[in-house]
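All remarks here apply to the structure that follows.
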Amino acid sequence: MRKMAAGNWKMNGALSDLTELTLLAQRHAMASVDILMCLPAPLIAPAQKEGVIKIGGQTCHVASSGAHTGDISAQMLVEVGAKAIIVGHSERRQDHNEDNATVQAQARQVIEAGAQAIICIGETGDARERGETLDVLADQLAGSVPEGATSGNTVIAYEPVWAIGTGVVPTLEQIEEAHRFIRNTLVDRFGSDAQDMTLLYGGSVKGSNAAEIFSVADVNGALVGGASLRADDFSPIITALEAS
C-alpha cells in the first residue's frame, strides 16, 4: 500500500498561507510517500500549482447535484482539482449530525466522482472508558464504508475523538489494537485487496511523536490537523513517515 501523510486544515487558512505548500513542495520534491493536503473549498483551485502535493477537500454532499443551497458536491470538488475528499470526520458527525448512512453516501459520491474517499472513524472518550472501542469501530466500518471500496479508492483514518486537538495520544498498544481490528475487519469484508488499503492514524500527531506512531503495525500514515498548517510542523511528520 502507499504510505500517506495527509493534512486537514479544517476551517483555517487564506490565500497567503498557500506559501506553506510551496515550502513543503520544495522540501519534499522527491517524496517517497503520498502527501495530501485537504483544504477549505475556496483554496483548492489556487493550490493546484504545487504538483508534488495532492490537494483534497474536507466534505461533500450526499447528492451529485440539486437544490442544496450552500452545499458542494464531490464532482464539483474534483473539477477544481481535489484528488481526495475527507468524509465522516468526527467534527462533521458531531456538528452536523452526519451518521454512518450519510458518510457512506458521501463516500460513494467521492468514489463515483473519481477521487479517493478518506473515511474517518473513531470512538469517543466515553466509549473508550466503557470498553466499547472495537464495537464502535465495527459499527462505523459496516455503516460508513460503501460496497465497491478498494485499496485504490478508499483510505480509512482512525481518529479517536478524545485525541483530536487535545494533545492526548493513545498508547501504541491502543493504536495497534485499533488498526489491527480495522485491517482484519476490512479483509473479512473485501478480501485480500484490503491488505493494501491505506490506514491512517489521526489525533495529536506531531513531529515529536510521529516516528513511534509510524512504527506500529498497520499504521500507514497519518491524518494531521493543527500540525499541517505550517511547513515547519508538517515536514518532520513527512520525514518520519518516509523513514518508517
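FYI, nothing fancy with the C-alpha cells labels: chains A, B, ... in order, residues from 1 per chain, ligands from 1 as they appear.
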
Set the distance at 10 Å and use only C-alpha atoms: which residues neighbour Pro170 in chain A once local chain neighbours fewer than 5 positions away are removed? I'd like the list as a PyMOL selection string. chain A and resi 160+162-163+175-176+203-204+213

For the residues in that selection, give me N, CA and C atoms as a PDB file, in the first residue's frame.
ATOM      1  N   PRO A 160      -9.374   8.559  17.146  1.00  0.00           N
ATOM      2  CA  PRO A 160     -10.133   8.562  18.397  1.00  0.00           C
ATOM      3  C   PRO A 160     -10.532   9.991  18.742  1.00  0.00           C
ATOM      4  N   TRP A 162     -11.351  11.517  21.308  1.00  0.00           N
ATOM      5  CA  TRP A 162     -10.779  12.092  22.522  1.00  0.00           C
ATOM      6  C   TRP A 162      -9.323  12.527  22.345  1.00  0.00           C
ATOM      7  N   ALA A 163      -8.717  12.188  21.215  1.00  0.00           N
ATOM      8  CA  ALA A 163      -7.325  12.577  20.967  1.00  0.00           C
ATOM      9  C   ALA A 163      -7.202  13.733  19.986  1.00  0.00           C
ATOM     10  N   ILE A 175      -3.311   2.032  19.752  1.00  0.00           N
ATOM     11  CA  ILE A 175      -3.307   2.303  18.316  1.00  0.00           C
ATOM     12  C   ILE A 175      -3.184   0.997  17.539  1.00  0.00           C
ATOM     13  N   GLU A 176      -2.292   0.121  17.992  1.00  0.00           N
ATOM     14  CA  GLU A 176      -2.090  -1.155  17.295  1.00  0.00           C
ATOM     15  C   GLU A 176      -3.354  -2.010  17.330  1.00  0.00           C
ATOM     16  N   GLY A 203      -4.889  12.191  15.376  1.00  0.00           N
ATOM     17  CA  GLY A 203      -5.187  12.617  16.738  1.00  0.00           C
ATOM     18  C   GLY A 203      -3.932  13.063  17.452  1.00  0.00           C
ATOM     19  N   SER A 204      -3.655  14.369  17.439  1.00  0.00           N
ATOM     20  CA  SER A 204      -2.500  14.953  18.122  1.00  0.00           C
ATOM     21  C   SER A 204      -1.168  14.402  17.618  1.00  0.00           C
ATOM     22  N   ILE A 213       4.659   6.447  16.330  1.00  0.00           N
ATOM     23  CA  ILE A 213       3.338   6.066  15.834  1.00  0.00           C
ATOM     24  C   ILE A 213       3.467   5.276  14.538  1.00  0.00           C
TER      25      ILE A 213
END

Return as a count of residues only the full set of residues in range 71-157 of chain A whose backbone-based DSSP assignment is helix (DSSP H, G or I). 42

List as a list in words the protein and nucleic acid residues near Gly225 in chain A, meaning an atom at most 7 Å away when only C-alpha atoms are counted, but skip any in the same chain fewer than 5 places from it. Gly7, Asn8 and Trp9 of chain A

Can you spit out the residues from that selection as a PDB file, in the first residue's frame, using N, CA and C atoms?
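File produced: part14.pdb:
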ATOM      1  N   GLY A   7      -2.865  16.104   5.484  1.00  0.00           N
ATOM      2  CA  GLY A   7      -3.157  17.229   6.356  1.00  0.00           C
ATOM      3  C   GLY A   7      -4.595  17.672   6.194  1.00  0.00           C
ATOM      4  N   ASN A   8      -5.152  18.214   7.251  1.00  0.00           N
ATOM      5  CA  ASN A   8      -6.520  18.725   7.246  1.00  0.00           C
ATOM      6  C   ASN A   8      -6.505  20.114   7.871  1.00  0.00           C
ATOM      7  N   TRP A   9      -6.615  21.127   7.014  1.00  0.00           N
ATOM      8  CA  TRP A   9      -6.576  22.495   7.517  1.00  0.00           C
ATOM      9  C   TRP A   9      -7.861  22.911   8.236  1.00  0.00           C
TER      10      TRP A   9
END

Long-range neighbours of Ile53 in chain A as a VMD selection string, 8 Å cut-off, only C-alpha atoms, 6 positions minimum in chain: chain A and resid 21 25 34 to 37

Export, as a PDB file, in the first residue's frame, the selected residues with C-alpha atoms.
ATOM      1  CA  LEU A  21       2.574  24.352   0.487  1.00  0.00           C
ATOM      2  CA  ALA A  25       6.885  21.023  -2.109  1.00  0.00           C
ATOM      3  CA  ASP A  34       1.904  10.455  -0.853  1.00  0.00           C
ATOM      4  CA  ILE A  35       1.454  13.978   0.506  1.00  0.00           C
ATOM      5  CA  LEU A  36      -2.165  15.151   0.623  1.00  0.00           C
ATOM      6  CA  MET A  37      -3.456  18.460   1.928  1.00  0.00           C
TER       7      MET A  37
END

Minimum-distance residue to Val205 in chain A, chosen among A:Leu15, A:Ile238, A:Ala101, A:Leu43 (using only C-alpha atoms):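 Closest candidate: A:Ile238.
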
Determine, counting only C-alpha atoms, which protein, DNA and RNA residues have an atom within 9 Å of an atom of Gly152 in chain A; residues of the same chain fewer than 4 positions away are not included. Present the result as a list in words.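 Here the answer would be Gln116, Asp196, Met197 and Thr198 of chain A.
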
Export of the given selection (C-alpha atoms) as an mmCIF file, in the first residue's frame:
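New file result04.cif:
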data_model
loop_
_atom_site.group_PDB
_atom_site.id
_atom_site.type_symbol
_atom_site.label_atom_id
_atom_site.label_comp_id
_atom_site.auth_asym_id
_atom_site.auth_seq_id
_atom_site.Cartn_x
_atom_site.Cartn_y
_atom_site.Cartn_z
ATOM 1 C CA GLN A 116 -10.204 8.905 -3.112
ATOM 2 C CA ASP A 196 -3.275 -2.948 0.583
ATOM 3 C CA MET A 197 -5.790 -0.388 1.837
ATOM 4 C CA THR A 198 -4.017 2.582 3.439
#

Select from range 171-222 of chain A everything DSSP, run on the backbone, classes as strand (DSSP E), then give the selection as a ChimeraX atom specification. /A:199-201,221-222

Give me a file of those residues, with C-alpha atoms, as a compact mmCIF listing (two decimals), in the first residue's frame.
# COMPACT_ATOMS: atom_id res chain seq x y z
CA LEU A 199 -4.83 3.02 7.14
CA LEU A 200 -4.06 6.37 8.75
CA TYR A 201 -3.88 7.34 12.40
CA GLY A 221 0.47 7.24 7.65
CA ALA A 222 -1.37 10.00 9.45

For Pro236 in chain A, which residue out of A:Ala217, A:Ala210, A:Val78, A:Ala67 is the nearest one, using only C-alpha atoms?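 Nearest to Pro236 in chain A: A:Ala210.
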
Choose the residue, out of A:Gly202, A:Gly57, A:Gly70, A:Pro146, that has the smallest atom-to-atom separation from Ile121 in chain A; count only C-alpha atoms.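 Closest candidate: A:Gly202.
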
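The gap separating CA of Ala82 in chain A from CA of Gln48 in chain A is 8.9 Å, in Å to one decimal.
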
If we count only C-alpha atoms and set the cut-off at 12 Å, which residues sit around Asp193 in chain A, ignoring sequence neighbours fewer than 5 positions away in its own chain? Please answer as a ChimeraX atom specification. /A:1,148-154,183-184,186-188,198

Let's have the selection written as a PDB file, in the first residue's frame, with N, CA and C atoms.
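Saved the output as again18.pdb:
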ATOM      1  N   MET A   1       0.848  -1.199   0.000  1.00  0.00           N
ATOM      2  CA  MET A   1       0.000   0.000   0.000  1.00  0.00           C
ATOM      3  C   MET A   1       0.884   1.249   0.000  1.00  0.00           C
ATOM      4  N   GLY A 148     -17.833  -1.693  -2.947  1.00  0.00           N
ATOM      5  CA  GLY A 148     -17.026  -1.147  -4.024  1.00  0.00           C
ATOM      6  C   GLY A 148     -15.795  -0.421  -3.543  1.00  0.00           C
ATOM      7  N   ALA A 149     -15.608  -0.345  -2.225  1.00  0.00           N
ATOM      8  CA  ALA A 149     -14.386   0.259  -1.697  1.00  0.00           C
ATOM      9  C   ALA A 149     -13.203  -0.639  -2.038  1.00  0.00           C
ATOM     10  N   THR A 150     -12.118  -0.032  -2.493  1.00  0.00           N
ATOM     11  CA  THR A 150     -10.904  -0.766  -2.842  1.00  0.00           C
ATOM     12  C   THR A 150      -9.692  -0.044  -2.276  1.00  0.00           C
ATOM     13  N   SER A 151      -8.542  -0.694  -2.402  1.00  0.00           N
ATOM     14  CA  SER A 151      -7.311  -0.061  -1.940  1.00  0.00           C
ATOM     15  C   SER A 151      -6.965   1.155  -2.777  1.00  0.00           C
ATOM     16  N   GLY A 152      -7.527   1.252  -3.972  1.00  0.00           N
ATOM     17  CA  GLY A 152      -7.251   2.389  -4.829  1.00  0.00           C
ATOM     18  C   GLY A 152      -8.138   3.592  -4.577  1.00  0.00           C
ATOM     19  N   ASN A 153      -9.374   3.358  -4.118  1.00  0.00           N
ATOM     20  CA  ASN A 153     -10.310   4.484  -3.989  1.00  0.00           C
ATOM     21  C   ASN A 153     -10.686   4.822  -2.549  1.00  0.00           C
ATOM     22  N   THR A 154     -10.162   4.083  -1.579  1.00  0.00           N
ATOM     23  CA  THR A 154     -10.581   4.295  -0.196  1.00  0.00           C
ATOM     24  C   THR A 154      -9.398   4.244   0.757  1.00  0.00           C
ATOM     25  N   ARG A 183      -7.951  -3.515  10.026  1.00  0.00           N
ATOM     26  CA  ARG A 183      -7.415  -4.287   8.898  1.00  0.00           C
ATOM     27  C   ARG A 183      -8.146  -5.629   8.762  1.00  0.00           C
ATOM     28  N   ASN A 184      -8.286  -6.341   9.866  1.00  0.00           N
ATOM     29  CA  ASN A 184      -8.918  -7.656   9.814  1.00  0.00           C
ATOM     30  C   ASN A 184     -10.378  -7.560   9.395  1.00  0.00           C
ATOM     31  N   LEU A 186     -11.725  -5.227   7.483  1.00  0.00           N
ATOM     32  CA  LEU A 186     -11.766  -4.913   6.050  1.00  0.00           C
ATOM     33  C   LEU A 186     -11.441  -6.140   5.201  1.00  0.00           C
ATOM     34  N   VAL A 187     -10.466  -6.922   5.626  1.00  0.00           N
ATOM     35  CA  VAL A 187     -10.104  -8.139   4.880  1.00  0.00           C
ATOM     36  C   VAL A 187     -11.261  -9.126   4.888  1.00  0.00           C
ATOM     37  N   ASP A 188     -11.924  -9.267   6.038  1.00  0.00           N
ATOM     38  CA  ASP A 188     -13.079 -10.168   6.115  1.00  0.00           C
ATOM     39  C   ASP A 188     -14.170  -9.760   5.133  1.00  0.00           C
ATOM     40  N   THR A 198      -4.790   1.702   2.555  1.00  0.00           N
ATOM     41  CA  THR A 198      -4.017   2.582   3.439  1.00  0.00           C
ATOM     42  C   THR A 198      -4.821   2.922   4.691  1.00  0.00           C
TER      43      THR A 198
END

When you look at Ala63 in chain A with a cut-off of 10 Å (counting only C-alpha atoms), what residues show up, excluding the ones that are within fewer than 4 positions of it in the same chain? I need them as number ranges by chain. A: 67-68, 71-75, 105-106, 108-109

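With distances restricted to only C-alpha atoms, A:Ser244 is the closest residue to Lys3 in chain A from A:Glu79, A:His96, A:Ser244, A:Gly125.
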